[in-house]
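Participant: My structure file run_22.cif, mmCIF, C-alpha atoms, is below:
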data_structure
#
loop_
_atom_site.label_atom_id
_atom_site.label_comp_id
_atom_site.auth_asym_id
_atom_site.auth_seq_id
_atom_site.Cartn_x
_atom_site.Cartn_y
_atom_site.Cartn_z
CA MET N 1 304.18 97.85 80.77
CA SER N 2 306.31 97.91 83.93
CA THR N 3 308.86 95.26 84.80
CA ASP N 4 306.81 94.14 87.81
CA THR N 5 303.71 93.71 85.67
CA THR N 6 305.67 91.81 83.03
CA ALA N 7 307.18 89.52 85.66
CA ALA N 8 303.76 88.93 87.19
CA LYS N 9 302.28 88.06 83.80
CA GLN N 10 305.07 85.60 83.09
CA LYS N 11 304.59 84.07 86.52
CA ARG N 12 300.88 83.57 85.87
CA LYS N 13 301.59 82.00 82.50
CA GLY N 14 304.13 79.63 84.04
CA LEU N 15 301.68 78.66 86.78
CA ARG N 16 298.98 77.97 84.21
CA VAL N 17 301.34 75.73 82.23
CA ALA N 18 302.40 73.83 85.35
CA LEU N 19 298.81 73.37 86.54
CA ALA N 20 297.49 72.21 83.16
CA VAL N 21 300.40 69.83 82.50
CA SER N 22 300.39 68.20 85.94
CA LEU N 23 296.59 67.87 86.15
CA GLY N 24 296.34 66.58 82.60
CA PHE N 25 299.13 64.09 83.15
CA VAL N 26 297.51 62.64 86.27
CA LEU N 27 294.12 62.32 84.59
CA ALA N 28 295.70 60.65 81.55
CA VAL N 29 297.51 58.11 83.74
CA TYR N 30 294.35 57.51 85.80
CA TRP N 31 292.39 56.76 82.63
CA ARG N 32 295.30 54.65 81.33
CA ALA N 33 295.74 56.66 78.16
CA PHE N 34 298.09 54.99 75.70
CA ILE N 35 299.91 58.29 75.09
CA PRO N 36 299.51 60.19 78.38
CA PHE N 37 301.74 63.08 77.33
CA LEU N 38 299.63 64.05 74.31
CA GLY N 39 296.95 66.14 76.05
CA PRO N 40 299.41 67.93 78.39
CA LEU N 41 301.71 68.62 75.42
CA PHE N 42 298.87 70.22 73.45
CA ALA N 43 297.81 72.24 76.50
CA ALA N 44 301.37 73.52 77.10
CA GLN N 45 301.68 74.62 73.48
CA PHE N 46 298.36 76.49 73.61
CA LEU N 47 299.21 78.18 76.91
CA LEU N 48 302.73 79.21 75.94
CA ALA N 49 301.47 80.81 72.73
CA SER N 50 299.71 83.65 74.58
CA SER N 51 298.87 85.03 78.01
CA ARG N 52 295.22 85.03 77.00
CA PRO N 53 293.15 81.93 76.26
CA MET N 54 292.84 81.19 72.59
CA PRO N 55 289.56 82.58 71.21
CA LEU N 56 286.91 79.94 70.70
CA GLY N 57 287.05 80.28 66.92
CA LYS N 58 290.82 79.97 66.84
CA THR N 59 290.74 77.03 69.25
CA VAL N 60 288.16 75.20 67.15
CA GLY N 61 290.14 76.00 64.02
CA ALA N 62 293.37 74.61 65.50
CA ALA N 63 291.55 71.50 66.70
CA ILE N 64 290.01 70.96 63.27
CA VAL N 65 293.39 71.36 61.56
CA ILE N 66 294.99 68.85 63.93
CA LEU N 67 292.14 66.35 63.53
CA VAL N 68 292.10 66.69 59.74
CA ALA N 69 295.85 66.11 59.75
CA GLY N 70 295.33 63.02 61.90
CA ILE N 71 292.66 61.61 59.59
CA ALA N 72 294.79 62.35 56.54
CA MET N 73 297.77 60.58 58.11
CA MET N 74 295.59 57.59 58.99
CA VAL N 75 294.35 57.32 55.41
CA LEU N 76 297.86 57.77 54.08
CA THR N 77 299.27 55.09 56.37
CA SER N 78 296.51 52.55 55.76
CA SER N 79 296.51 52.98 51.98
CA LEU N 80 300.21 53.50 51.23
CA GLY N 81 301.99 52.15 54.30
CA ASP N 82 303.17 49.09 52.37
CA ARG N 83 304.38 51.19 49.40
CA PRO N 84 307.41 53.10 50.71
CA ALA N 85 308.05 55.44 47.76
CA PRO N 86 304.67 57.23 47.53
CA PHE N 87 304.17 56.98 51.29
CA LEU N 88 307.42 58.78 52.12
CA LEU N 89 306.88 61.28 49.30
CA LEU N 90 303.51 62.40 50.67
CA LEU N 91 304.79 62.31 54.24
CA GLY N 92 307.72 64.50 53.23
CA LEU N 93 305.34 66.91 51.49
CA THR N 94 303.39 67.28 54.74
CA TYR N 95 306.57 68.03 56.68
CA PHE N 96 307.68 70.49 54.02
CA LEU N 97 304.43 72.46 54.22
CA CYS N 98 304.68 72.65 58.02
CA PHE N 99 308.30 73.79 57.97
CA ALA N 100 307.56 76.33 55.22
CA VAL N 101 304.85 77.90 57.39
CA GLN N 102 307.23 77.91 60.36
CA THR N 103 309.91 79.80 58.45
CA SER N 104 307.41 82.59 57.76
CA GLY N 105 306.74 83.05 61.49
CA LYS N 106 303.08 82.06 61.10
CA GLY N 107 300.96 79.21 62.35
CA GLY N 108 301.80 79.40 66.06
CA PRO N 109 301.68 76.18 68.07
CA ALA N 110 299.31 74.51 65.61
CA VAL N 111 302.16 73.94 63.15
CA PHE N 112 304.28 72.04 65.65
CA LEU N 113 301.26 70.05 66.81
CA VAL N 114 300.45 69.06 63.22
CA LEU N 115 304.06 67.93 62.89
CA VAL N 116 303.65 65.81 66.04
CA VAL N 117 300.50 64.26 64.59
CA ALA N 118 302.19 63.64 61.23
CA ILE N 119 305.01 61.86 63.08
CA VAL N 120 303.06 59.85 65.65
CA VAL N 121 300.21 58.56 63.47
CA PRO N 122 302.30 56.93 60.69
CA LEU N 123 304.83 55.48 63.12
CA LEU N 124 302.24 53.97 65.46
CA GLY N 125 300.11 52.84 62.53
CA ILE N 126 303.01 50.86 61.04
CA LEU N 127 304.94 49.73 64.13
CA ASN N 128 301.95 48.88 66.34
CA LYS N 129 298.97 47.43 64.53
CA GLU N 130 296.95 47.29 67.76
CA LEU N 131 296.98 51.08 67.95
CA ALA N 132 296.36 51.67 64.25
CA ASN N 133 292.57 51.45 64.64
CA SER N 134 292.41 53.57 67.80
CA ILE N 135 294.85 56.33 66.86
CA LEU N 136 292.05 58.71 65.82
CA SER N 137 290.33 58.41 69.19
CA ILE N 138 293.71 59.00 70.86
CA LEU N 139 294.17 62.18 68.82
CA VAL N 140 290.63 63.39 69.54
CA GLY N 141 291.19 62.81 73.24
CA GLY N 142 294.51 64.64 73.12
CA VAL N 143 293.08 67.69 71.33
CA LEU N 144 289.97 67.89 73.52
CA SER N 145 291.85 67.38 76.78
CA GLY N 146 294.51 69.92 75.77
CA THR N 147 291.84 72.48 74.95
CA LEU N 148 289.89 71.85 78.17
CA LEU N 149 293.08 72.05 80.22
CA MET N 150 293.91 75.39 78.62
CA TRP N 151 290.53 76.88 79.52
CA LEU N 152 290.59 75.37 83.01
CA ALA N 153 294.03 76.83 83.71
CA HIS N 154 292.84 80.27 82.61
CA ALA N 155 289.70 79.90 84.75
CA ILE N 156 291.74 79.08 87.86
CA ILE N 157 294.55 81.58 87.17
CA PRO N 158 292.93 84.31 85.05
CA GLU N 159 294.71 87.20 83.43
CA PRO N 160 293.59 90.58 84.86
CA ALA N 161 291.36 92.47 82.46
CA CYS N 162 293.56 95.56 82.78
CA CYS N 163 296.62 93.80 81.42
CA GLU N 164 296.97 93.52 77.69
CA ASP N 165 298.63 90.60 76.01
CA ASN N 166 301.95 91.98 74.85
CA THR N 167 303.40 88.61 73.92
CA GLU N 168 306.21 89.10 71.43
CA ARG N 169 305.07 88.20 67.96
CA LEU N 170 307.42 87.61 65.09
CA PRO N 171 306.69 89.69 62.00
CA ALA N 172 305.58 87.83 58.92
CA GLN N 173 308.52 86.94 56.70
CA PRO N 174 308.87 85.35 53.28
CA MET N 175 308.94 81.57 53.41
CA ASP N 176 312.44 80.11 53.33
CA LEU N 177 311.73 77.15 51.08
CA LEU N 178 315.34 75.97 51.01
CA ARG N 179 315.45 75.73 54.78
CA ALA N 180 312.03 74.07 54.84
CA PHE N 181 313.32 71.49 52.33
CA ALA N 182 316.45 70.89 54.42
CA ASN N 183 314.36 70.43 57.58
CA THR N 184 312.11 68.02 55.70
CA LEU N 185 315.07 65.88 54.69
CA ILE N 186 316.39 65.84 58.25
CA LEU N 187 313.06 64.86 59.82
CA LEU N 188 312.05 62.39 57.11
CA ALA N 189 315.38 60.59 57.39
CA SER N 190 314.86 60.16 61.15
CA VAL N 191 311.38 58.75 60.53
CA VAL N 192 312.76 56.28 57.97
CA ILE N 193 315.43 55.15 60.43
CA CYS N 194 312.79 54.50 63.09
CA LEU N 195 310.54 52.64 60.67
CA THR N 196 313.34 50.36 59.50
CA SER N 197 314.59 49.69 63.04
CA ASN N 198 311.10 48.59 64.17
CA ASN N 199 311.71 50.13 67.60
CA LEU N 200 308.57 51.71 69.06
CA THR N 201 310.43 53.50 71.86
CA ALA N 202 312.91 55.09 69.48
CA ALA N 203 310.05 56.00 67.15
CA ALA N 204 308.23 57.80 69.95
CA VAL N 205 311.32 59.77 71.01
CA ILE N 206 313.69 60.54 68.13
CA PRO N 207 311.51 62.16 65.42
CA ILE N 208 309.61 64.45 67.84
CA THR N 209 312.93 65.49 69.39
CA VAL N 210 314.29 66.28 65.92
CA ALA N 211 311.18 68.31 65.02
CA SER N 212 311.36 70.20 68.32
CA LEU N 213 315.04 71.05 67.88
CA LEU N 214 314.56 72.22 64.29
CA GLY N 215 311.94 74.61 65.65
CA GLN N 216 314.38 76.03 68.19
CA LEU N 217 317.45 76.39 66.00
CA ASP N 218 318.46 79.80 64.74
CA VAL N 219 320.32 80.22 61.49
CA ALA N 220 322.97 82.39 63.18
CA VAL N 221 323.74 80.28 66.25
CA GLY N 222 327.41 79.85 67.04
CA THR N 223 329.17 76.83 68.46
CA ARG N 224 328.69 77.87 72.09
CA ALA N 225 324.99 78.63 71.56
CA ALA N 226 324.48 75.33 69.75
CA PHE N 227 326.15 73.47 72.63
CA GLY N 228 323.86 75.25 75.07
CA LEU N 229 320.87 74.26 72.95
CA VAL N 230 321.82 70.59 73.17
CA VAL N 231 322.50 70.83 76.92
CA VAL N 232 319.14 72.45 77.72
CA ASN N 233 317.25 69.86 75.68
CA LEU N 234 319.18 67.02 77.28
CA LEU N 235 318.14 68.52 80.60
CA GLY N 236 314.59 67.42 79.83
CA GLY N 237 315.79 63.84 79.42
CA PHE N 238 317.84 63.79 82.63
CA VAL N 239 315.01 65.41 84.59
CA ALA N 240 312.60 62.76 83.24
CA SER N 241 314.98 60.01 84.34
CA ALA N 242 315.33 61.47 87.84
CA ALA N 243 311.58 62.03 88.03
CA TYR N 244 310.82 58.41 87.18
CA ALA N 245 313.39 57.20 89.70
CA ALA N 246 311.59 59.31 92.34
CA LEU N 247 308.23 57.92 91.23
CA THR N 248 309.36 54.31 91.72
CA LEU N 249 309.86 55.07 95.42
CA ARG N 250 306.18 55.91 95.85
CA PRO N 251 304.24 55.02 92.69
CA ASN N 252 300.84 56.69 93.01
CA LEU N 253 298.86 59.48 91.37
CA LEU N 254 299.74 62.04 94.03
CA SER N 255 303.44 61.44 93.45
CA ILE N 256 302.95 61.83 89.70
CA PHE N 257 301.09 65.11 90.23
CA LEU N 258 303.72 66.56 92.56
CA ILE N 259 306.64 65.44 90.37
CA VAL N 260 305.16 66.79 87.13
CA LEU N 261 304.04 69.97 88.89
CA GLY N 262 307.54 70.64 90.21
CA VAL N 263 309.23 69.98 86.87
CA ALA N 264 306.62 72.00 84.96
CA LEU N 265 307.10 74.94 87.33
CA PHE N 266 310.85 74.83 86.69
CA LEU N 267 310.79 74.31 82.92
CA GLY N 268 307.41 75.86 82.12
CA GLY N 269 308.17 78.99 84.12
CA ARG N 270 311.29 79.58 82.06
CA ALA N 271 309.47 78.71 78.84
CA ALA N 272 306.89 81.40 79.68
CA ALA N 273 309.53 84.13 80.01
CA MET N 274 310.01 86.70 77.26
CA THR N 275 313.62 85.74 76.60
CA LYS N 276 315.50 84.21 73.70
CA ASP N 277 316.03 81.08 75.83
CA ALA N 278 312.29 80.47 76.30
CA PRO N 279 311.93 78.14 73.27
CA LEU N 280 314.80 76.02 74.59
CA PHE N 281 313.03 75.38 77.88
CA ALA N 282 309.77 74.74 76.02
CA GLY N 283 311.65 72.09 74.07
CA ALA N 284 313.06 70.62 77.28
CA LEU N 285 309.52 70.48 78.70
CA THR N 286 308.38 68.65 75.55
CA ILE N 287 311.16 66.08 75.93
CA PHE N 288 310.38 65.61 79.62
CA LEU N 289 306.68 65.00 78.91
CA ILE N 290 307.49 62.46 76.20
CA LEU N 291 310.04 60.47 78.20
CA PHE N 292 308.19 60.55 81.51
CA GLY N 293 304.96 59.75 79.68
CA LEU N 294 306.52 56.70 78.04
CA GLY N 295 307.70 55.53 81.45
CA VAL N 296 304.15 55.37 82.82
CA SER N 297 302.43 54.49 79.53
CA PRO N 298 300.70 51.13 79.03
CA LEU N 299 302.18 50.98 75.53
CA PRO N 300 303.97 47.66 74.93
CA GLY N 301 307.73 47.89 74.99
CA THR N 302 307.86 51.23 76.81
CA SER N 303 308.53 50.09 80.38
CA ALA N 304 310.96 52.21 82.30
CA GLU N 305 313.96 49.89 82.61
CA ARG N 306 315.46 51.49 79.49
CA PHE N 307 315.42 55.13 80.57
CA ALA N 308 319.17 55.39 79.99
CA THR N 309 318.65 54.12 76.45
CA ARG N 310 316.01 56.79 75.86
CA ILE N 311 318.37 59.53 76.96
CA VAL N 312 320.89 58.15 74.48
CA TYR N 313 318.17 58.38 71.83
CA ILE N 314 317.55 62.01 72.82
CA ALA N 315 321.25 62.87 72.64
CA ALA N 316 321.63 61.13 69.30
CA ALA N 317 318.57 62.94 67.89
CA LEU N 318 319.86 66.33 69.08
CA ILE N 319 323.35 65.85 67.66
CA TYR N 320 321.97 64.38 64.42
CA ALA N 321 319.60 67.32 63.85
CA LEU N 322 322.20 69.92 64.81
CA LEU N 323 324.91 68.52 62.55
CA LEU N 324 322.65 68.11 59.53
CA ALA N 325 321.13 71.56 60.03
CA THR N 326 324.62 73.03 60.13
CA ILE N 327 325.47 71.28 56.87
CA LEU N 328 322.21 71.81 54.97
CA TRP N 329 321.03 75.24 56.10
CA SER N 330 322.12 78.18 54.01
CA ARG N 331 323.95 80.90 55.93
CA ARG N 332 321.92 84.10 55.94
CA PRO N 333 322.09 87.29 58.02
CA ASP N 334 318.39 87.30 58.92
CA PRO N 335 318.12 85.10 62.01
CA ARG N 336 314.74 83.71 62.90
CA ARG N 337 313.51 82.18 66.13
CA ILE N 338 310.62 79.79 65.85
CA ASN N 339 308.84 78.48 68.95
CA PRO N 340 308.59 74.70 69.17
#
Take the structure from the file and write it as structure tokens.

Facilitator:
Amino acid sequence: MSTDTTAAKQKRKGLRVALAVSLGFVLAVYWRAFIPFLGPLFAAQFLLASSRPMPLGKTVGAAIVILVAGIAMMVLTSSLGDRPAPFLLLLGLTYFLCFAVQTSGKGGPAVFLVLVVAIVVPLLGILNKELANSILSILVGGVLSGTLLMWLAHAIIPEPACCEDNTERLPAQPMDLLRAFANTLILLASVVICLTSNNLTAAAVIPITVASLLGQLDVAVGTRAAFGLVVVNLLGGFVASAAYAALTLRPNLLSIFLIVLGVALFLGGRAAAMTKDAPLFAGALTIFLILFGLGVSPLPGTSAERFATRIVYIAAALIYALLLATILWSRRPDPRRINP
């Protein structure tokens, strides 16, 4: 495939991500969704996974996996939420299975989305009893809206039939169970910290940031590369802060659409590129969607006057995950890159 064709394909993918994220975000805010970033986040993950729309069977399969995970987490939280030992043990087992699949290069975006579900459902179920009974409908809405946004973006900006999908795919590799166990400890510890602090805002930001960063880290990164990883992810937080400041000047749906569209074009376009830095910008887009979504969310305790505090949470989560990964990961010569 020629360079021009490759660049054009990446441009179309970036435009699809920006369109789906901005449109989904506006619709979620209009309908006063409790977690407005959920549907756009799912849509971005689906769209970044391939230049072609996910086949219907694969889409249904991913949706079923996510919904089953959500139901399982609801049952786990309601039945064992007041018994910390078995609750955390089963929660850690879920994280371990997800990270083990990630280390093999399989699963695609569904693995990260299951991780998001396994983080959000228990935390909201314990820290916000009002949402405990409606979390399943929130998940269903997020999965359905993400899927519809994916197909709508492909319908508006289709991929030419002559162009094959040459998206780089990682070869299957043996599962690195030691690294999966280390990642589980890192993520589970952040969840425990959020549960004990009883802070809904921190709970919505820190664990997902940790899971996203663990998906971006490479076993062979050096100090300079690790610093760049933190900087790019912090970029999502600073952009979210600036975006909300701009929104307060003219708070309406059109402003939200234009702001999210501009940011998604910047971050999503780079996340769609076939470069080693693409997962970093996908992670920055994830952080932006979470922080900006919390700013406009009707969730109690998530008003925007504490945006600076949220960026501190992001920075703390990034440094925490990076330091513990450096300590706990075994040094091996076979670097892997896992998309968030």

Participant: I'd like to know which of N:Tyr95, N:Leu123, N:Val143, N:Val260 is closest to Val65 of chain N, using only C-alpha atoms.

Facilitator: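 Selected residue with least distance to Val65 of chain N: N:Val143.
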
Participant: One number please: atom CA of Ser78 of chain N to atom CA of Leu90 of chain N, in Å, one decimal.

Facilitator: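 Value for the atom CA of Ser78 of chain N-atom CA of Leu90 of chain N distance: 13.1 Å.
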
Participant: Choose the residue, out of N:Leu148, N:Ala153, N:Leu178, N:Ile135, that has the smallest atom-to-atom separation from Pro122 of chain N; count only C-alpha atoms.

Facilitator: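 Under the stated criterion, the closest residue is N:Ile135.
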
Participant: Contacts of segment 316-329 of chain N at 8 Å or less, counting all atoms listed in the file, minus same-chain residues fewer than 3 places along, as a PyMOL selection string?

Facilitator: chain N and resi 178-179+182-183+186+206-207+209-210+213-214+219+226+230+233+312-313

Participant: Please measure the separation of atom CA of Tyr244 of chain N and atom CA of Thr309 of chain N, giving the value in Å to one decimal.

Facilitator: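 Atom CA of Thr309 of chain N lies at a distance of 14.0 Å from atom CA of Tyr244 of chain N.
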
Participant: Which residues are close to segment 33-40 of chain N, i.e. within 8 Å by all atoms listed in the file, leaving aside same-chain residues fewer than 2 positions away? Reply as a PDB file with C-alpha atoms, in the frame of the given file.

Facilitator:
ATOM      1  CA  ALA N  20     297.490  72.210  83.160  1.00  0.00           C
ATOM      2  CA  VAL N  21     300.400  69.830  82.500  1.00  0.00           C
ATOM      3  CA  SER N  22     300.390  68.200  85.940  1.00  0.00           C
ATOM      4  CA  GLY N  24     296.340  66.580  82.600  1.00  0.00           C
ATOM      5  CA  PHE N  25     299.130  64.090  83.150  1.00  0.00           C
ATOM      6  CA  ALA N  28     295.700  60.650  81.550  1.00  0.00           C
ATOM      7  CA  VAL N  29     297.510  58.110  83.740  1.00  0.00           C
ATOM      8  CA  TYR N  30     294.350  57.510  85.800  1.00  0.00           C
ATOM      9  CA  TRP N  31     292.390  56.760  82.630  1.00  0.00           C
ATOM     10  CA  PHE N  42     298.870  70.220  73.450  1.00  0.00           C
ATOM     11  CA  ALA N  43     297.810  72.240  76.500  1.00  0.00           C
ATOM     12  CA  ALA N  44     301.370  73.520  77.100  1.00  0.00           C
ATOM     13  CA  ILE N 138     293.710  59.000  70.860  1.00  0.00           C
ATOM     14  CA  LEU N 139     294.170  62.180  68.820  1.00  0.00           C
ATOM     15  CA  GLY N 141     291.190  62.810  73.240  1.00  0.00           C
ATOM     16  CA  GLY N 142     294.510  64.640  73.120  1.00  0.00           C
ATOM     17  CA  VAL N 143     293.080  67.690  71.330  1.00  0.00           C
ATOM     18  CA  LEU N 144     289.970  67.890  73.520  1.00  0.00           C
ATOM     19  CA  SER N 145     291.850  67.380  76.780  1.00  0.00           C
ATOM     20  CA  GLY N 146     294.510  69.920  75.770  1.00  0.00           C
ATOM     21  CA  LEU N 149     293.080  72.050  80.220  1.00  0.00           C
ATOM     22  CA  LEU N 289     306.680  65.000  78.910  1.00  0.00           C
ATOM     23  CA  ILE N 290     307.490  62.460  76.200  1.00  0.00           C
ATOM     24  CA  GLY N 293     304.960  59.750  79.680  1.00  0.00           C
ATOM     25  CA  LEU N 294     306.520  56.700  78.040  1.00  0.00           C
ATOM     26  CA  SER N 297     302.430  54.490  79.530  1.00  0.00           C
ATOM     27  CA  PRO N 298     300.700  51.130  79.030  1.00  0.00           C
ATOM     28  CA  LEU N 299     302.180  50.980  75.530  1.00  0.00           C
TER      29      LEU N 299
END

Participant: Grab the atom CA of Thr77 of chain N to atom CA of Leu177 of chain N distance for me, in Å with one decimal place.

Facilitator: 25.9 Å

Participant: May I ask which of the residues N:Leu195, N:Ala211, N:Leu115, N:Leu265 is the closest one to Gly81 of chain N, counting all atoms listed in the file?

Facilitator: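 Smallest distance to Gly81 of chain N is found for N:Leu195.
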
Participant: On this structure, the PyMOL selection byres ((chain N and resi 275) around 12) would catch which residues? List them as an MDAnalysis selection string, sorted by chain and number.

Facilitator: chainID N and resid 6:7 10 167:168 269:274 276:282 337 339

Participant: Where does the PyMOL selection byres ((chain N and resi 118) around 10) land in this file, that is, which residues does it pick, as a ChimeraX atom specification?

Facilitator: /N:66,69-74,91-92,94-95,98,112-117,119-123,208

Participant: When distances are computed from only C-alpha atoms, which of N:Ala284, N:Leu217, N:Val75, N:Leu291 shows the smallest separation from Ser241 of chain N?

Facilitator: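 Selected residue with least distance to Ser241 of chain N: N:Leu291.
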
Participant: Under the rule that all atoms listed in the file are counted, which of N:Arg16, N:Lys129, N:Lys58, N:Lys9 is the nearest residue to Leu200 of chain N?

Facilitator: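 Counting all atoms listed in the file, the residue closest to Leu200 of chain N is N:Lys129.
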
Participant: With all atoms listed in the file as the basis for distance, which of N:Val60, N:Ala243, N:Leu234, N:Ala189 is at the shortest distance from Phe257 of chain N?

Facilitator: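 For Phe257 of chain N, the nearest of the given residues is N:Ala243.
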
Participant: Segment 66-80 of chain N, all listed atoms, 4 Å padding on each side: what axis-aligned box centre and edge lengths in Å to one decimal come out, as AutoDock Vina command-line options?

Facilitator:
--center_x 296.2 --center_y 60.7 --center_z 57.6 --size_x 16.1 --size_y 24.3 --size_z 20.7

Participant: Kindly resolve the PyMOL selection byres ((chain N and resi 52) around 9) on the present coordinates and return the residues as a PyMOL selection string.

Facilitator: chain N and resi 13+47+49-51+53-55+154+158-159+164-165

Participant: Considering all atoms listed in the file, return as a PyMOL selection string whatever protein or nucleic-acid residues lie within 10 Å of Leu235 of chain N, sequence-local ones (same chain, fewer than 3 positions apart) excluded.

Facilitator: chain N and resi 229-232+238-241+267+281+283-285+287-288+311
